[in-house]
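Engineer: Sharing a structure here in structure tokens format.
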Amino acid sequence: MKLNLHTLTTSICILLSAHSAFGRSIAPEPGANTTTYAQPLKIVFTEFPPYTYTNQNGDPKVYFVDLISKLLQQQDIPHSFSSHPTARIHFQLKSGEADIYLGPQGVPNLQQHIWSVPLPDSFTIRLFLWRKPSTTHAKSITEIHNQSLAIINGFGYGGILQKLDSTKNKVHIIRSSGHGNALKMLISGRADYLLDYLQPVNTELSAHPNTELLKHPILDIEVAFMVSRNTDNSRELFELLGSAVTQHYRESPAPPPQPTD
């Protein structure tokens, strides 16, 4: 087994009784198990800047990496980060191939396979329908008729797309490989609307300073640390992360994520 049950149980007790801020080191109790772990926890994420992404050097730049890394380092639990497509991550969580997922929660077919540790509201991912000022205002994707909608491959959009009958509405779905390409489709006129999230679009818009876009709110999706129920001692790991998040954000609100490079 990758995690020692006694060590994690002891760690949870320490966290629940600690009165220090999360950033301070929490020393183990005298005589606590100091077992080393042969295999690191596998923490996975999708390319979703500024929340989770890989920089040009191939290094993970995950906004939540410090929170998890500090906690696991304090408890001498090794871990690693890797980026995968969303569909692959869902399979990994169900099979136990991945231990922790950093991302949007609420995916219906995942709920019985994970424990979720929600993060503060300031991390909530906000989904918008984007358009140029000359395009007819639409309050939902079901109001789009005889026009084109750009979406990004691999994104579930909180189940929104399942409500769209593209044949009935005569909506032309245009699929893109990423946020940047999808935004370029909208700006160039190849797509009339874009369904995408606030932070990634704002990040990409920095490369188009003279572009004016309008947006309408569609959905808010909470972000969480998700622990696979099929990983060893998943309940203990879930409680450990939950206690750490509560302590870390008890004193002050969490700032919204920003890209680091």
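Ordered as shown in the structure tokens, chains take letters A, B, and onward, while each chain numbers its residues from 1 and ligands are numbered from 1 in the order shown.
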Could you give me, as a Markdown table, every range 150-212 of chain A residue with an atom at most 9 Å from range 86-104 of chain A, plus its closest atom pair and distance in Å to one decimal, counting only C-alpha atoms, rows ordered by chain then number?
Structural biologist:
| residue | atom | partner | partner_atom | distance |
| --- | --- | --- | --- | --- |
| A:Gly154 | CA | A:Thr86 | CA | 5.8 |
| A:Phe155 | CA | A:Thr86 | CA | 7.1 |
| A:Gly156 | CA | A:Thr86 | CA | 8.7 |
| A:Gly158 | CA | A:Pro104 | CA | 8.8 |
Engineer: If we count only C-alpha atoms and set the cut-off at 6 Å, which residues sit around Ile114 in chain A, ignoring sequence neighbours fewer than 4 positions away in its own chain? Please answer as an NGL selection string.
Structural biologist: :A and (226-229)
Engineer: Can you tell me how far CA of Leu183 in chain A sits from CA of Leu205 in chain A, in Å to one decimal?
Structural biologist: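 Spanning CA of Leu183 in chain A to CA of Leu205 in chain A is a straight-line distance of 8.2 Å.
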Engineer: Fewer than 2 positions away in the same chain doesn't count, so skip those; otherwise give me all residues within 8 Å of Ala191 in chain A, counting only C-alpha atoms, as a PyMOL selection string.
Structural biologist: chain A and resi 147-150+174+185-189+193-194
Engineer: Set the distance at 7 Å and use only C-alpha atoms: which residues neighbour Ile218 in chain A once local chain neighbours fewer than 5 positions away are removed? I'd like the list as number ranges by chain.
Structural biologist: A: 127-129, 140
Engineer: Counting only C-alpha atoms, give me one row per residue of range 121-240 of chain A with an atom at most 10 Å from an atom of range 41-52 of chain A, showing the shortest contact pair and its distance in Å to one decimal, sorted by chain then residue number, as a tab-separated table.
Structural biologist:
residue	atom	partner	partner_atom	distance
A:Phe123	CA	A:Tyr51	CA	8.6
A:Ile125	CA	A:Tyr51	CA	9.2
A:Gly154	CA	A:Thr46	CA	9.7
A:Phe155	CA	A:Thr46	CA	10.0
A:Gly178	CA	A:Glu47	CA	8.8
A:His179	CA	A:Phe48	CA	8.6
A:Tyr197	CA	A:Phe48	CA	9.6
A:Gln199	CA	A:Pro50	CA	6.8
A:Pro200	CA	A:Pro49	CA	5.7
A:Val201	CA	A:Pro49	CA	9.4
A:Asn202	CA	A:Pro50	CA	9.8
A:Thr203	CA	A:Pro50	CA	7.6
A:Glu204	CA	A:Pro49	CA	9.5
A:Val223	CA	A:Tyr51	CA	9.5
A:Phe225	CA	A:Ile43	CA	9.6
A:Met226	CA	A:Ile43	CA	9.6
A:Val227	CA	A:Ile43	CA	9.2
A:Thr231	CA	A:Leu41	CA	9.2
A:Asp232	CA	A:Leu41	CA	10.0
Engineer: Take the residues just selected and output them with all heavy atoms as a compact mmCIF listing (two decimals), in the first residue's frame.
Structural biologist:
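Result file is selection_38.txt:
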# COMPACT_ATOMS: atom_id res chain seq x y z
N PHE A 123 -12.35 30.79 -6.15
CA PHE A 123 -11.78 29.92 -7.17
C PHE A 123 -12.83 29.40 -8.15
O PHE A 123 -12.49 28.66 -9.09
CB PHE A 123 -11.10 28.71 -6.51
CG PHE A 123 -9.90 29.06 -5.69
CD1 PHE A 123 -9.85 28.72 -4.35
CD2 PHE A 123 -8.82 29.72 -6.25
CE1 PHE A 123 -8.74 29.04 -3.57
CE2 PHE A 123 -7.72 30.04 -5.48
CZ PHE A 123 -7.67 29.70 -4.15
N ILE A 125 -15.08 28.55 -11.08
CA ILE A 125 -14.88 28.73 -12.53
C ILE A 125 -16.18 29.23 -13.13
O ILE A 125 -17.23 28.59 -12.99
CB ILE A 125 -14.44 27.41 -13.18
CG1 ILE A 125 -13.08 26.99 -12.62
CG2 ILE A 125 -14.37 27.56 -14.69
CD1 ILE A 125 -12.62 25.63 -13.10
N GLY A 154 -12.91 18.06 -25.32
CA GLY A 154 -12.57 17.50 -24.02
C GLY A 154 -13.24 18.17 -22.84
O GLY A 154 -13.17 17.66 -21.73
N PHE A 155 -13.90 19.31 -23.05
CA PHE A 155 -14.56 20.01 -21.96
C PHE A 155 -16.02 19.57 -21.86
O PHE A 155 -16.72 19.47 -22.87
CB PHE A 155 -14.50 21.52 -22.17
CG PHE A 155 -13.18 22.14 -21.81
CD1 PHE A 155 -12.05 21.37 -21.66
CD2 PHE A 155 -13.06 23.51 -21.64
CE1 PHE A 155 -10.83 21.92 -21.33
CE2 PHE A 155 -11.84 24.09 -21.31
CZ PHE A 155 -10.73 23.30 -21.16
N GLY A 178 -7.99 24.24 -28.16
CA GLY A 178 -7.60 25.00 -26.99
C GLY A 178 -8.26 26.36 -26.92
O GLY A 178 -8.95 26.79 -27.86
N HIS A 179 -8.04 27.06 -25.80
CA HIS A 179 -8.67 28.35 -25.58
C HIS A 179 -8.23 29.39 -26.61
O HIS A 179 -9.04 30.16 -27.12
CB HIS A 179 -8.34 28.86 -24.17
CG HIS A 179 -8.78 27.95 -23.08
ND1 HIS A 179 -10.08 27.83 -22.66
CD2 HIS A 179 -8.06 27.08 -22.30
CE1 HIS A 179 -10.17 26.95 -21.68
NE2 HIS A 179 -8.94 26.49 -21.45
N TYR A 197 -14.58 29.74 -20.48
CA TYR A 197 -14.52 30.20 -19.09
C TYR A 197 -13.83 31.56 -18.97
O TYR A 197 -13.00 31.93 -19.81
CB TYR A 197 -13.81 29.15 -18.25
CG TYR A 197 -14.49 27.81 -18.29
CD1 TYR A 197 -14.10 26.83 -19.21
CD2 TYR A 197 -15.55 27.51 -17.44
CE1 TYR A 197 -14.73 25.59 -19.26
CE2 TYR A 197 -16.19 26.27 -17.48
CZ TYR A 197 -15.78 25.33 -18.40
OH TYR A 197 -16.40 24.11 -18.45
N GLN A 199 -11.54 33.08 -16.78
CA GLN A 199 -10.10 33.27 -16.60
C GLN A 199 -9.29 32.91 -17.84
O GLN A 199 -8.41 33.66 -18.24
CB GLN A 199 -9.62 32.48 -15.38
CG GLN A 199 -10.07 33.04 -14.03
CD GLN A 199 -9.24 34.26 -13.61
OE1 GLN A 199 -8.42 34.77 -14.37
NE2 GLN A 199 -9.45 34.73 -12.42
N PRO A 200 -9.53 31.76 -18.47
CA PRO A 200 -8.75 31.44 -19.68
C PRO A 200 -8.94 32.45 -20.80
O PRO A 200 -7.97 32.81 -21.48
CB PRO A 200 -9.27 30.05 -20.08
CG PRO A 200 -9.78 29.47 -18.82
CD PRO A 200 -10.36 30.61 -18.05
N VAL A 201 -10.16 32.92 -21.01
CA VAL A 201 -10.40 33.90 -22.08
C VAL A 201 -9.71 35.22 -21.74
O VAL A 201 -9.07 35.84 -22.61
CB VAL A 201 -11.90 34.12 -22.31
CG1 VAL A 201 -12.13 35.29 -23.28
CG2 VAL A 201 -12.54 32.86 -22.87
N ASN A 202 -9.82 35.67 -20.50
CA ASN A 202 -9.14 36.91 -20.11
C ASN A 202 -7.63 36.80 -20.30
O ASN A 202 -6.96 37.77 -20.69
CB ASN A 202 -9.46 37.26 -18.66
CG ASN A 202 -10.84 37.87 -18.51
OD1 ASN A 202 -11.44 38.31 -19.48
ND2 ASN A 202 -11.34 37.90 -17.28
N THR A 203 -7.09 35.62 -20.01
CA THR A 203 -5.66 35.40 -20.22
C THR A 203 -5.30 35.51 -21.69
O THR A 203 -4.33 36.18 -22.06
CB THR A 203 -5.24 34.02 -19.68
OG1 THR A 203 -5.50 33.96 -18.27
CG2 THR A 203 -3.76 33.78 -19.91
N GLU A 204 -6.08 34.88 -22.55
CA GLU A 204 -5.82 34.90 -23.99
C GLU A 204 -6.06 36.28 -24.60
O GLU A 204 -5.40 36.67 -25.57
CB GLU A 204 -6.70 33.87 -24.71
CG GLU A 204 -6.40 32.42 -24.34
CD GLU A 204 -5.03 31.96 -24.82
OE1 GLU A 204 -4.47 32.59 -25.74
OE2 GLU A 204 -4.52 30.97 -24.25
N VAL A 223 -14.56 24.58 -7.80
CA VAL A 223 -13.29 23.87 -7.97
C VAL A 223 -12.99 23.08 -6.70
O VAL A 223 -13.32 23.51 -5.60
CB VAL A 223 -12.16 24.86 -8.28
CG1 VAL A 223 -10.81 24.17 -8.31
CG2 VAL A 223 -12.42 25.55 -9.61
N PHE A 225 -10.31 19.76 -4.78
CA PHE A 225 -9.35 18.67 -4.81
C PHE A 225 -10.18 17.38 -4.75
O PHE A 225 -10.94 17.19 -3.80
CB PHE A 225 -8.41 18.71 -3.59
CG PHE A 225 -7.55 19.93 -3.53
CD1 PHE A 225 -7.13 20.41 -2.30
CD2 PHE A 225 -7.14 20.58 -4.68
CE1 PHE A 225 -6.32 21.53 -2.21
CE2 PHE A 225 -6.32 21.70 -4.60
CZ PHE A 225 -5.92 22.18 -3.37
N MET A 226 -10.04 16.52 -5.73
CA MET A 226 -10.83 15.29 -5.76
C MET A 226 -9.92 14.09 -5.54
O MET A 226 -8.96 13.88 -6.27
CB MET A 226 -11.57 15.18 -7.09
CG MET A 226 -12.79 16.09 -7.14
SD MET A 226 -13.33 16.47 -8.81
CE MET A 226 -12.29 17.88 -9.19
N VAL A 227 -10.23 13.33 -4.51
CA VAL A 227 -9.46 12.13 -4.15
C VAL A 227 -10.18 10.91 -4.69
O VAL A 227 -11.37 10.71 -4.42
CB VAL A 227 -9.30 12.01 -2.63
CG1 VAL A 227 -8.53 10.75 -2.26
CG2 VAL A 227 -8.61 13.25 -2.06
N THR A 231 -8.03 4.85 -4.55
CA THR A 231 -6.66 4.90 -4.10
C THR A 231 -6.59 4.38 -2.66
O THR A 231 -7.59 4.37 -1.94
CB THR A 231 -6.10 6.34 -4.16
OG1 THR A 231 -4.69 6.30 -4.02
CG2 THR A 231 -6.71 7.21 -3.07
N ASP A 232 -5.44 3.92 -2.24
CA ASP A 232 -5.30 3.36 -0.90
C ASP A 232 -5.59 4.42 0.17
O ASP A 232 -5.11 5.55 0.08
CB ASP A 232 -3.89 2.80 -0.69
CG ASP A 232 -3.62 1.59 -1.57
OD1 ASP A 232 -4.59 0.87 -1.89
OD2 ASP A 232 -2.45 1.38 -1.94
Engineer: Which residue is closest to Leu198 in chain A? Choose from A:Ser134, A:Ser177, A:Thr124, A:Ser243 and count only C-alpha atoms.
Structural biologist: A:Thr124
Engineer: Could you give me, as an MDAnalysis selection string, the residues within 7 Å of Arg131 in chain A, counting only C-alpha atoms and dropping anything in the same chain fewer than 4 positions from it?
Structural biologist: chainID A and resid 135 192:194 213:215
Engineer: Per DSSP on the backbone, what are the alpha helix (DSSP H) residues of range 22-254 of chain A, as a PDB file with N, CA and C atoms, in the first residue's frame?
Structural biologist:
ATOM      1  N   VAL A  65      -0.861  24.013  -6.459  1.00  0.00           N
ATOM      2  CA  VAL A  65       0.241  23.092  -6.158  1.00  0.00           C
ATOM      3  C   VAL A  65       0.866  23.381  -4.796  1.00  0.00           C
ATOM      4  N   ASP A  66       0.977  24.658  -4.412  1.00  0.00           N
ATOM      5  CA  ASP A  66       1.599  24.983  -3.128  1.00  0.00           C
ATOM      6  C   ASP A  66       0.804  24.422  -1.952  1.00  0.00           C
ATOM      7  N   LEU A  67      -0.514  24.530  -2.035  1.00  0.00           N
ATOM      8  CA  LEU A  67      -1.356  24.057  -0.946  1.00  0.00           C
ATOM      9  C   LEU A  67      -1.166  22.561  -0.715  1.00  0.00           C
ATOM     10  N   ILE A  68      -1.252  21.782  -1.779  1.00  0.00           N
ATOM     11  CA  ILE A  68      -1.112  20.330  -1.646  1.00  0.00           C
ATOM     12  C   ILE A  68       0.336  19.948  -1.325  1.00  0.00           C
ATOM     13  N   SER A  69       1.285  20.586  -2.011  1.00  0.00           N
ATOM     14  CA  SER A  69       2.686  20.228  -1.812  1.00  0.00           C
ATOM     15  C   SER A  69       3.135  20.471  -0.375  1.00  0.00           C
ATOM     16  N   LYS A  70       2.779  21.627   0.198  1.00  0.00           N
ATOM     17  CA  LYS A  70       3.178  21.921   1.576  1.00  0.00           C
ATOM     18  C   LYS A  70       2.599  20.898   2.544  1.00  0.00           C
ATOM     19  N   LEU A  71       1.337  20.564   2.339  1.00  0.00           N
ATOM     20  CA  LEU A  71       0.697  19.595   3.219  1.00  0.00           C
ATOM     21  C   LEU A  71       1.381  18.242   3.143  1.00  0.00           C
ATOM     22  N   LEU A  72       1.562  17.747   1.925  1.00  0.00           N
ATOM     23  CA  LEU A  72       2.139  16.413   1.769  1.00  0.00           C
ATOM     24  C   LEU A  72       3.612  16.379   2.176  1.00  0.00           C
ATOM     25  N   GLN A  73       4.333  17.475   1.947  1.00  0.00           N
ATOM     26  CA  GLN A  73       5.725  17.532   2.363  1.00  0.00           C
ATOM     27  C   GLN A  73       5.843  17.500   3.888  1.00  0.00           C
ATOM     28  N   GLN A  74       4.933  18.185   4.564  1.00  0.00           N
ATOM     29  CA  GLN A  74       4.955  18.187   6.021  1.00  0.00           C
ATOM     30  C   GLN A  74       4.746  16.789   6.591  1.00  0.00           C
ATOM     31  N   THR A  86      -8.992  15.490 -20.239  1.00  0.00           N
ATOM     32  CA  THR A  86     -10.044  15.273 -19.245  1.00  0.00           C
ATOM     33  C   THR A  86     -10.570  13.847 -19.253  1.00  0.00           C
ATOM     34  N   ALA A  87     -10.823  13.296 -20.436  1.00  0.00           N
ATOM     35  CA  ALA A  87     -11.363  11.939 -20.517  1.00  0.00           C
ATOM     36  C   ALA A  87     -10.415  10.926 -19.877  1.00  0.00           C
ATOM     37  N   ARG A  88      -9.118  11.123 -20.089  1.00  0.00           N
ATOM     38  CA  ARG A  88      -8.128  10.232 -19.507  1.00  0.00           C
ATOM     39  C   ARG A  88      -8.131  10.332 -17.982  1.00  0.00           C
ATOM     40  N   ILE A  89      -8.251  11.546 -17.469  1.00  0.00           N
ATOM     41  CA  ILE A  89      -8.265  11.755 -16.024  1.00  0.00           C
ATOM     42  C   ILE A  89      -9.470  11.078 -15.385  1.00  0.00           C
ATOM     43  N   HIS A  90     -10.618  11.185 -16.032  1.00  0.00           N
ATOM     44  CA  HIS A  90     -11.812  10.532 -15.489  1.00  0.00           C
ATOM     45  C   HIS A  90     -11.595   9.030 -15.374  1.00  0.00           C
ATOM     46  N   PHE A  91     -10.971   8.436 -16.376  1.00  0.00           N
ATOM     47  CA  PHE A  91     -10.658   7.003 -16.323  1.00  0.00           C
ATOM     48  C   PHE A  91      -9.687   6.705 -15.182  1.00  0.00           C
ATOM     49  N   GLN A  92      -8.671   7.566 -15.018  1.00  0.00           N
ATOM     50  CA  GLN A  92      -7.671   7.347 -13.976  1.00  0.00           C
ATOM     51  C   GLN A  92      -8.285   7.408 -12.583  1.00  0.00           C
ATOM     52  N   LEU A  93      -9.227   8.330 -12.373  1.00  0.00           N
ATOM     53  CA  LEU A  93      -9.875   8.439 -11.072  1.00  0.00           C
ATOM     54  C   LEU A  93     -10.741   7.219 -10.781  1.00  0.00           C
ATOM     55  N   LYS A  94     -11.438   6.731 -11.785  1.00  0.00           N
ATOM     56  CA  LYS A  94     -12.310   5.569 -11.600  1.00  0.00           C
ATOM     57  C   LYS A  94     -11.503   4.298 -11.332  1.00  0.00           C
ATOM     58  N   SER A  95     -10.347   4.208 -11.957  1.00  0.00           N
ATOM     59  CA  SER A  95      -9.539   2.991 -11.823  1.00  0.00           C
ATOM     60  C   SER A  95      -8.566   3.043 -10.652  1.00  0.00           C
ATOM     61  N   SER A 166     -28.509  20.596 -31.465  1.00  0.00           N
ATOM     62  CA  SER A 166     -27.895  21.356 -32.550  1.00  0.00           C
ATOM     63  C   SER A 166     -28.635  21.187 -33.867  1.00  0.00           C
ATOM     64  N   THR A 167     -29.310  20.059 -34.037  1.00  0.00           N
ATOM     65  CA  THR A 167     -30.080  19.845 -35.273  1.00  0.00           C
ATOM     66  C   THR A 167     -31.319  20.720 -35.293  1.00  0.00           C
ATOM     67  N   LYS A 168     -32.045  20.731 -34.163  1.00  0.00           N
ATOM     68  CA  LYS A 168     -33.272  21.532 -34.077  1.00  0.00           C
ATOM     69  C   LYS A 168     -32.966  23.017 -34.195  1.00  0.00           C
ATOM     70  N   ASN A 169     -31.919  23.468 -33.513  1.00  0.00           N
ATOM     71  CA  ASN A 169     -31.567  24.891 -33.529  1.00  0.00           C
ATOM     72  C   ASN A 169     -30.727  25.274 -34.738  1.00  0.00           C
ATOM     73  N   HIS A 179      -8.044  27.055 -25.798  1.00  0.00           N
ATOM     74  CA  HIS A 179      -8.672  28.348 -25.575  1.00  0.00           C
ATOM     75  C   HIS A 179      -8.226  29.385 -26.608  1.00  0.00           C
ATOM     76  N   GLY A 180      -6.920  29.409 -26.907  1.00  0.00           N
ATOM     77  CA  GLY A 180      -6.399  30.405 -27.839  1.00  0.00           C
ATOM     78  C   GLY A 180      -6.984  30.266 -29.229  1.00  0.00           C
ATOM     79  N   ASN A 181      -7.027  29.045 -29.746  1.00  0.00           N
ATOM     80  CA  ASN A 181      -7.572  28.816 -31.073  1.00  0.00           C
ATOM     81  C   ASN A 181      -9.069  29.123 -31.129  1.00  0.00           C
ATOM     82  N   ALA A 182      -9.786  28.761 -30.082  1.00  0.00           N
ATOM     83  CA  ALA A 182     -11.223  29.028 -30.039  1.00  0.00           C
ATOM     84  C   ALA A 182     -11.493  30.532 -30.045  1.00  0.00           C
ATOM     85  N   LEU A 183     -10.692  31.273 -29.297  1.00  0.00           N
ATOM     86  CA  LEU A 183     -10.871  32.726 -29.265  1.00  0.00           C
ATOM     87  C   LEU A 183     -10.575  33.337 -30.628  1.00  0.00           C
ATOM     88  N   LYS A 184      -9.557  32.850 -31.304  1.00  0.00           N
ATOM     89  CA  LYS A 184      -9.225  33.353 -32.641  1.00  0.00           C
ATOM     90  C   LYS A 184     -10.365  33.095 -33.620  1.00  0.00           C
ATOM     91  N   MET A 185     -11.052  31.981 -33.469  1.00  0.00           N
ATOM     92  CA  MET A 185     -12.209  31.691 -34.324  1.00  0.00           C
ATOM     93  C   MET A 185     -13.296  32.743 -34.142  1.00  0.00           C
ATOM     94  N   LEU A 186     -13.524  33.122 -32.885  1.00  0.00           N
ATOM     95  CA  LEU A 186     -14.544  34.135 -32.602  1.00  0.00           C
ATOM     96  C   LEU A 186     -14.129  35.489 -33.150  1.00  0.00           C
ATOM     97  N   ILE A 187     -12.888  35.888 -32.907  1.00  0.00           N
ATOM     98  CA  ILE A 187     -12.406  37.197 -33.337  1.00  0.00           C
ATOM     99  C   ILE A 187     -12.408  37.320 -34.853  1.00  0.00           C
ATOM    100  N   SER A 188     -12.028  36.243 -35.541  1.00  0.00           N
ATOM    101  CA  SER A 188     -11.930  36.278 -37.004  1.00  0.00           C
ATOM    102  C   SER A 188     -13.282  36.155 -37.702  1.00  0.00           C
ATOM    103  N   LEU A 198     -14.154  32.278 -17.910  1.00  0.00           N
ATOM    104  CA  LEU A 198     -13.705  33.661 -17.751  1.00  0.00           C
ATOM    105  C   LEU A 198     -12.189  33.803 -17.696  1.00  0.00           C
ATOM    106  N   GLN A 199     -11.539  33.079 -16.783  1.00  0.00           N
ATOM    107  CA  GLN A 199     -10.103  33.274 -16.599  1.00  0.00           C
ATOM    108  C   GLN A 199      -9.287  32.907 -17.835  1.00  0.00           C
ATOM    109  N   PRO A 200      -9.528  31.759 -18.474  1.00  0.00           N
ATOM    110  CA  PRO A 200      -8.750  31.440 -19.678  1.00  0.00           C
ATOM    111  C   PRO A 200      -8.937  32.452 -20.800  1.00  0.00           C
ATOM    112  N   VAL A 201     -10.161  32.922 -21.011  1.00  0.00           N
ATOM    113  CA  VAL A 201     -10.395  33.902 -22.076  1.00  0.00           C
ATOM    114  C   VAL A 201      -9.706  35.216 -21.744  1.00  0.00           C
ATOM    115  N   ASN A 202      -9.816  35.670 -20.496  1.00  0.00           N
ATOM    116  CA  ASN A 202      -9.139  36.908 -20.113  1.00  0.00           C
ATOM    117  C   ASN A 202      -7.631  36.802 -20.302  1.00  0.00           C
ATOM    118  N   THR A 203      -7.089  35.618 -20.013  1.00  0.00           N
ATOM    119  CA  THR A 203      -5.660  35.402 -20.216  1.00  0.00           C
ATOM    120  C   THR A 203      -5.298  35.512 -21.687  1.00  0.00           C
ATOM    121  N   GLU A 204      -6.083  34.877 -22.555  1.00  0.00           N
ATOM    122  CA  GLU A 204      -5.816  34.901 -23.992  1.00  0.00           C
ATOM    123  C   GLU A 204      -6.061  36.281 -24.601  1.00  0.00           C
ATOM    124  N   LEU A 205      -6.975  37.044 -24.041  1.00  0.00           N
ATOM    125  CA  LEU A 205      -7.291  38.371 -24.578  1.00  0.00           C
ATOM    126  C   LEU A 205      -6.127  39.345 -24.445  1.00  0.00           C
ATOM    127  N   SER A 234      -8.191   6.217   0.852  1.00  0.00           N
ATOM    128  CA  SER A 234      -8.724   7.434   0.249  1.00  0.00           C
ATOM    129  C   SER A 234      -9.471   8.303   1.253  1.00  0.00           C
ATOM    130  N   ARG A 235     -10.212   7.677   2.170  1.00  0.00           N
ATOM    131  CA  ARG A 235     -10.977   8.455   3.145  1.00  0.00           C
ATOM    132  C   ARG A 235     -10.044   9.256   4.045  1.00  0.00           C
ATOM    133  N   GLU A 236      -8.971   8.661   4.503  1.00  0.00           N
ATOM    134  CA  GLU A 236      -8.021   9.358   5.361  1.00  0.00           C
ATOM    135  C   GLU A 236      -7.339  10.508   4.619  1.00  0.00           C
ATOM    136  N   LEU A 237      -6.993  10.275   3.356  1.00  0.00           N
ATOM    137  CA  LEU A 237      -6.367  11.323   2.556  1.00  0.00           C
ATOM    138  C   LEU A 237      -7.342  12.463   2.318  1.00  0.00           C
ATOM    139  N   PHE A 238      -8.594  12.162   2.057  1.00  0.00           N
ATOM    140  CA  PHE A 238      -9.642  13.166   1.876  1.00  0.00           C
ATOM    141  C   PHE A 238      -9.786  14.033   3.130  1.00  0.00           C
ATOM    142  N   GLU A 239      -9.828  13.407   4.294  1.00  0.00           N
ATOM    143  CA  GLU A 239      -9.972  14.160   5.537  1.00  0.00           C
ATOM    144  C   GLU A 239      -8.736  15.013   5.816  1.00  0.00           C
ATOM    145  N   LEU A 240      -7.571  14.499   5.470  1.00  0.00           N
ATOM    146  CA  LEU A 240      -6.330  15.244   5.656  1.00  0.00           C
ATOM    147  C   LEU A 240      -6.342  16.526   4.820  1.00  0.00           C
ATOM    148  N   LEU A 241      -6.740  16.397   3.550  1.00  0.00           N
ATOM    149  CA  LEU A 241      -6.799  17.571   2.671  1.00  0.00           C
ATOM    150  C   LEU A 241      -7.892  18.537   3.106  1.00  0.00           C
ATOM    151  N   GLY A 242      -9.030  18.005   3.530  1.00  0.00           N
ATOM    152  CA  GLY A 242     -10.117  18.858   3.977  1.00  0.00           C
ATOM    153  C   GLY A 242      -9.729  19.703   5.173  1.00  0.00           C
ATOM    154  N   SER A 243      -9.049  19.104   6.141  1.00  0.00           N
ATOM    155  CA  SER A 243      -8.597  19.844   7.316  1.00  0.00           C
ATOM    156  C   SER A 243      -7.598  20.923   6.939  1.00  0.00           C
ATOM    157  N   ALA A 244      -6.694  20.592   6.007  1.00  0.00           N
ATOM    158  CA  ALA A 244      -5.671  21.557   5.596  1.00  0.00           C
ATOM    159  C   ALA A 244      -6.282  22.753   4.885  1.00  0.00           C
ATOM    160  N   VAL A 245      -7.238  22.510   4.002  1.00  0.00           N
ATOM    161  CA  VAL A 245      -7.892  23.601   3.278  1.00  0.00           C
ATOM    162  C   VAL A 245      -8.639  24.506   4.254  1.00  0.00           C
ATOM    163  N   THR A 246      -9.347  23.921   5.204  1.00  0.00           N
ATOM    164  CA  THR A 246     -10.090  24.705   6.190  1.00  0.00           C
ATOM    165  C   THR A 246      -9.159  25.593   6.997  1.00  0.00           C
ATOM    166  N   GLN A 247      -8.050  25.055   7.448  1.00  0.00           N
ATOM    167  CA  GLN A 247      -7.104  25.841   8.241  1.00  0.00           C
ATOM    168  C   GLN A 247      -6.442  26.928   7.406  1.00  0.00           C
ATOM    169  N   HIS A 248      -6.122  26.602   6.164  1.00  0.00           N
ATOM    170  CA  HIS A 248      -5.384  27.537   5.326  1.00  0.00           C
ATOM    171  C   HIS A 248      -6.193  28.791   5.028  1.00  0.00           C
TER     172      HIS A 248
END
Engineer: Using Å and a single decimal, report how far CA of Gly106 in chain A sits from CA of Ile221 in chain A.
Structural biologist: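 A separation of 7.5 Å between them.
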Engineer: Using only C-alpha atoms, which residue out of A:Asn57, A:Leu161, A:Asp220, A:Arg190 lies closest to Lys132 in chain A?
Structural biologist: A:Arg190
Engineer: Just to confirm, what's the straight-line distance from CA of Leu110 in chain A to CA of Ala224 in chain A in Å (one decimal)?
Structural biologist: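 Taking CA of Leu110 in chain A as the start and CA of Ala224 in chain A as the end point, the length is 12.9 Å.
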